[in-house]
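Here the structure is laid out as C-alpha cells; the discussion comes afterwards.
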Amino acid sequence: MGKFDGWDMKAILRKKAERKRVLDERKKKRPPTSGAYTRMCDALFMPQFRGKPCERCYDLSGKVNMSGTVGHHIILKSQSLFLRWSKRNICVLCPADHFEAHNPSPKKVSEFMDWFKAYRPEDWEYLEANEHTKPAMKSRDYFENMKNMRKQSYC
Ligand SMILES: [Zn+2]
C-alpha cells in the first residue's frame with residue numbers, strides 16, 4: 001500500500017475541505033472594508049436613475065428620451081464622498097449626452113457644465129458650496145441609512 005492509497009486520499013481531501021470551510025467562515029465574519037461599503041452604497045443609489053428621461057434632451061428639445069439613460073455625477077464621485085450619494089449631484093443623461101459630459105474636449109465639457117448651471121442653478125449653487133465638504137459619516141453609516149430609507153420606499 002502506497003502513501004496515497006484510498007484511505008489516505010480521503011483523509012487528505014477531508015482535511016482540505018475542513019480547512020476551506022474554516023477559511024470561508026473567517027471571511028464571512030470579517031466586516032466589509034470601507035471600499036466595499038462604498039460600492040454597496042453605489043449599488044443601492046445608482047439604479048434609481050436608470051431609464052429615467054434624459055434631462056438634457058428634454059430641456060434642449062422637449063424630447064422624452066429614456067433609452068440607456070444613467071445617473072451622471074456632476075462633481076466626480078471620486079472627488080467627494082459627501083456628494084457621491086446626493087441626488088442634487090446626479091443628472092440623468094442618455095449615452096450621447098453622457099459622452100458630452102465626459103467629452104475629451106474641455107470646450108464640450110464646459111458647454112455641458114454651462115447647460116447644467118443654467119438648468120439647475122440651485123443645485124449647482126449647492127454643489128459648488130459643498131464640493132469640499134467632508135462627509136459627516138463613514139460609508140458604512142451611509143449604507144445603513146440607505147438600507148433603512150429603502151424600507152420606507154426610498155427612490
Ligand atoms: Zn440626452
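As shown in the C-alpha cells, the chain order sets the letters A, B, ...; within each chain, residues go from 1, and ligands are also counted from 1 in the order they appear.
Excluding region 60-71 of chain A itself and any same-chain residue fewer than 5 positions from it, the protein and nucleic acid residues within 6 Å of it, counting only C-alpha atoms, are Phe49, Arg50, Gly51, Lys52, Pro53, Cys54, Ile90, Cys91, Val92, Leu93 and Cys94 of chain A.
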Exercise. Skipping near chain neighbours, those fewer than 4 positions away, what residues fall within 12 Å of region 111-121 of chain A using only C-alpha atoms, listed as an NGL selection string?
Worked result: :A and (55-60 or 72-75 or 88-93 or 96-103 or 105-107 or 125-128)
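Checking A:Trp124, A:Lys20, A:Trp85, A:Pro95 one by one against ligand 1, counting only C-alpha atoms and all ligand atoms, you find the shortest gap at A:Pro95.
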Exercise. Which parts of chain A does DSSP call helix (DSSP H, G or I) when run on the backbone here, written out as a PyMOL selection string?
Worked result: chain A and resi 6-29+34-49+55-61+81-84+87-89+95-101+106-119+121-130+139-151
Those same residues, written as a compact mmCIF listing (two decimals), in the first residue's frame with C-alpha atoms?
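What ended up in result.txt:
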# COMPACT_ATOMS: atom_id res chain seq x y z
CA GLY A 6 -7.67 5.29 -0.95
CA TRP A 7 -7.87 5.90 2.76
CA ASP A 8 -5.07 8.46 2.89
CA MET A 9 -6.53 10.36 -0.07
CA LYS A 10 -9.90 10.53 1.63
CA ALA A 11 -8.30 11.85 4.80
CA ILE A 12 -6.37 14.46 2.83
CA LEU A 13 -9.48 15.62 0.98
CA ARG A 14 -11.44 15.76 4.20
CA LYS A 15 -8.74 17.90 5.81
CA LYS A 16 -8.66 20.19 2.77
CA ALA A 17 -12.44 20.62 2.83
CA GLU A 18 -12.34 21.36 6.54
CA ARG A 19 -9.62 23.98 6.08
CA LYS A 20 -11.63 25.64 3.29
CA ARG A 21 -14.71 25.68 5.49
CA VAL A 22 -12.79 27.36 8.33
CA LEU A 23 -11.34 29.99 5.95
CA ASP A 24 -14.77 30.70 4.42
CA GLU A 25 -16.25 31.09 7.90
CA ARG A 26 -13.49 33.57 8.81
CA LYS A 27 -14.10 35.52 5.60
CA LYS A 28 -17.81 35.75 6.40
CA LYS A 29 -17.12 37.09 9.88
CA SER A 34 -14.99 50.89 3.64
CA GLY A 35 -14.34 50.45 -0.09
CA ALA A 36 -16.81 47.56 -0.11
CA TYR A 37 -19.42 49.71 1.69
CA THR A 38 -18.86 52.47 -0.87
CA ARG A 39 -19.60 50.03 -3.69
CA MET A 40 -22.64 48.70 -1.81
CA CYS A 41 -23.95 52.27 -1.48
CA ASP A 42 -23.44 52.86 -5.21
CA ALA A 43 -25.37 49.67 -5.90
CA LEU A 44 -28.31 50.97 -3.83
CA PHE A 45 -28.15 54.55 -5.05
CA MET A 46 -27.48 54.45 -8.78
CA PRO A 47 -30.24 52.16 -10.19
CA GLN A 48 -33.00 54.68 -9.38
CA PHE A 49 -31.71 56.94 -12.20
CA GLU A 55 -32.65 65.86 -18.62
CA ARG A 56 -30.63 67.48 -21.39
CA CYS A 57 -32.65 66.03 -24.27
CA TYR A 58 -35.82 67.13 -22.52
CA ASP A 59 -34.53 70.64 -21.83
CA LEU A 60 -32.99 71.22 -25.25
CA SER A 61 -35.64 69.65 -27.47
CA LEU A 81 -17.88 61.28 -0.74
CA PHE A 82 -20.23 63.93 0.64
CA LEU A 83 -21.85 64.49 -2.79
CA ARG A 84 -21.45 60.96 -4.11
CA LYS A 87 -29.46 63.44 -5.74
CA ARG A 88 -28.54 67.08 -6.27
CA ASN A 89 -25.25 65.86 -7.72
CA PRO A 95 -25.48 57.91 -23.73
CA ALA A 96 -24.90 60.77 -26.21
CA ASP A 97 -25.26 63.47 -23.56
CA HIS A 98 -23.25 61.42 -21.08
CA PHE A 99 -20.48 61.41 -23.65
CA GLU A 100 -20.68 65.21 -23.83
CA ALA A 101 -20.28 65.40 -20.05
CA PRO A 106 -12.65 70.64 -22.49
CA LYS A 107 -14.73 73.08 -24.55
CA LYS A 108 -17.50 70.48 -24.89
CA VAL A 109 -17.38 69.70 -21.18
CA SER A 110 -17.62 73.37 -20.32
CA GLU A 111 -20.62 73.70 -22.67
CA PHE A 112 -22.23 70.83 -20.82
CA MET A 113 -21.47 72.43 -17.46
CA ASP A 114 -22.89 75.77 -18.64
CA TRP A 115 -26.07 73.98 -19.61
CA PHE A 116 -26.32 72.27 -16.19
CA LYS A 117 -25.67 75.50 -14.28
CA ALA A 118 -28.46 77.26 -16.21
CA TYR A 119 -30.85 74.30 -15.98
CA PRO A 121 -28.98 76.73 -10.76
CA GLU A 122 -29.96 75.92 -7.18
CA ASP A 123 -28.38 72.50 -7.30
CA TRP A 124 -25.26 73.96 -8.85
CA GLU A 125 -25.04 76.51 -6.06
CA TYR A 126 -25.34 73.70 -3.52
CA LEU A 127 -22.72 71.60 -5.29
CA GLU A 128 -20.25 74.46 -5.51
CA ALA A 129 -20.73 75.27 -1.85
CA ASN A 130 -20.23 71.63 -0.82
CA SER A 139 -19.53 54.76 4.05
CA ARG A 140 -20.78 52.07 6.43
CA ASP A 141 -23.18 54.56 8.02
CA TYR A 142 -24.31 55.82 4.62
CA PHE A 143 -25.05 52.22 3.74
CA GLU A 144 -27.10 51.61 6.90
CA ASN A 145 -29.05 54.84 6.25
CA MET A 146 -29.72 53.98 2.63
CA LYS A 147 -30.88 50.50 3.55
CA ASN A 148 -33.34 51.94 6.07
CA MET A 149 -34.56 54.63 3.67
CA ARG A 150 -35.26 51.92 1.15
CA LYS A 151 -37.54 50.19 3.61
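Going from CA of Thr133 (chain A) to CA of Thr33 (chain A) covers 22.5 Å.
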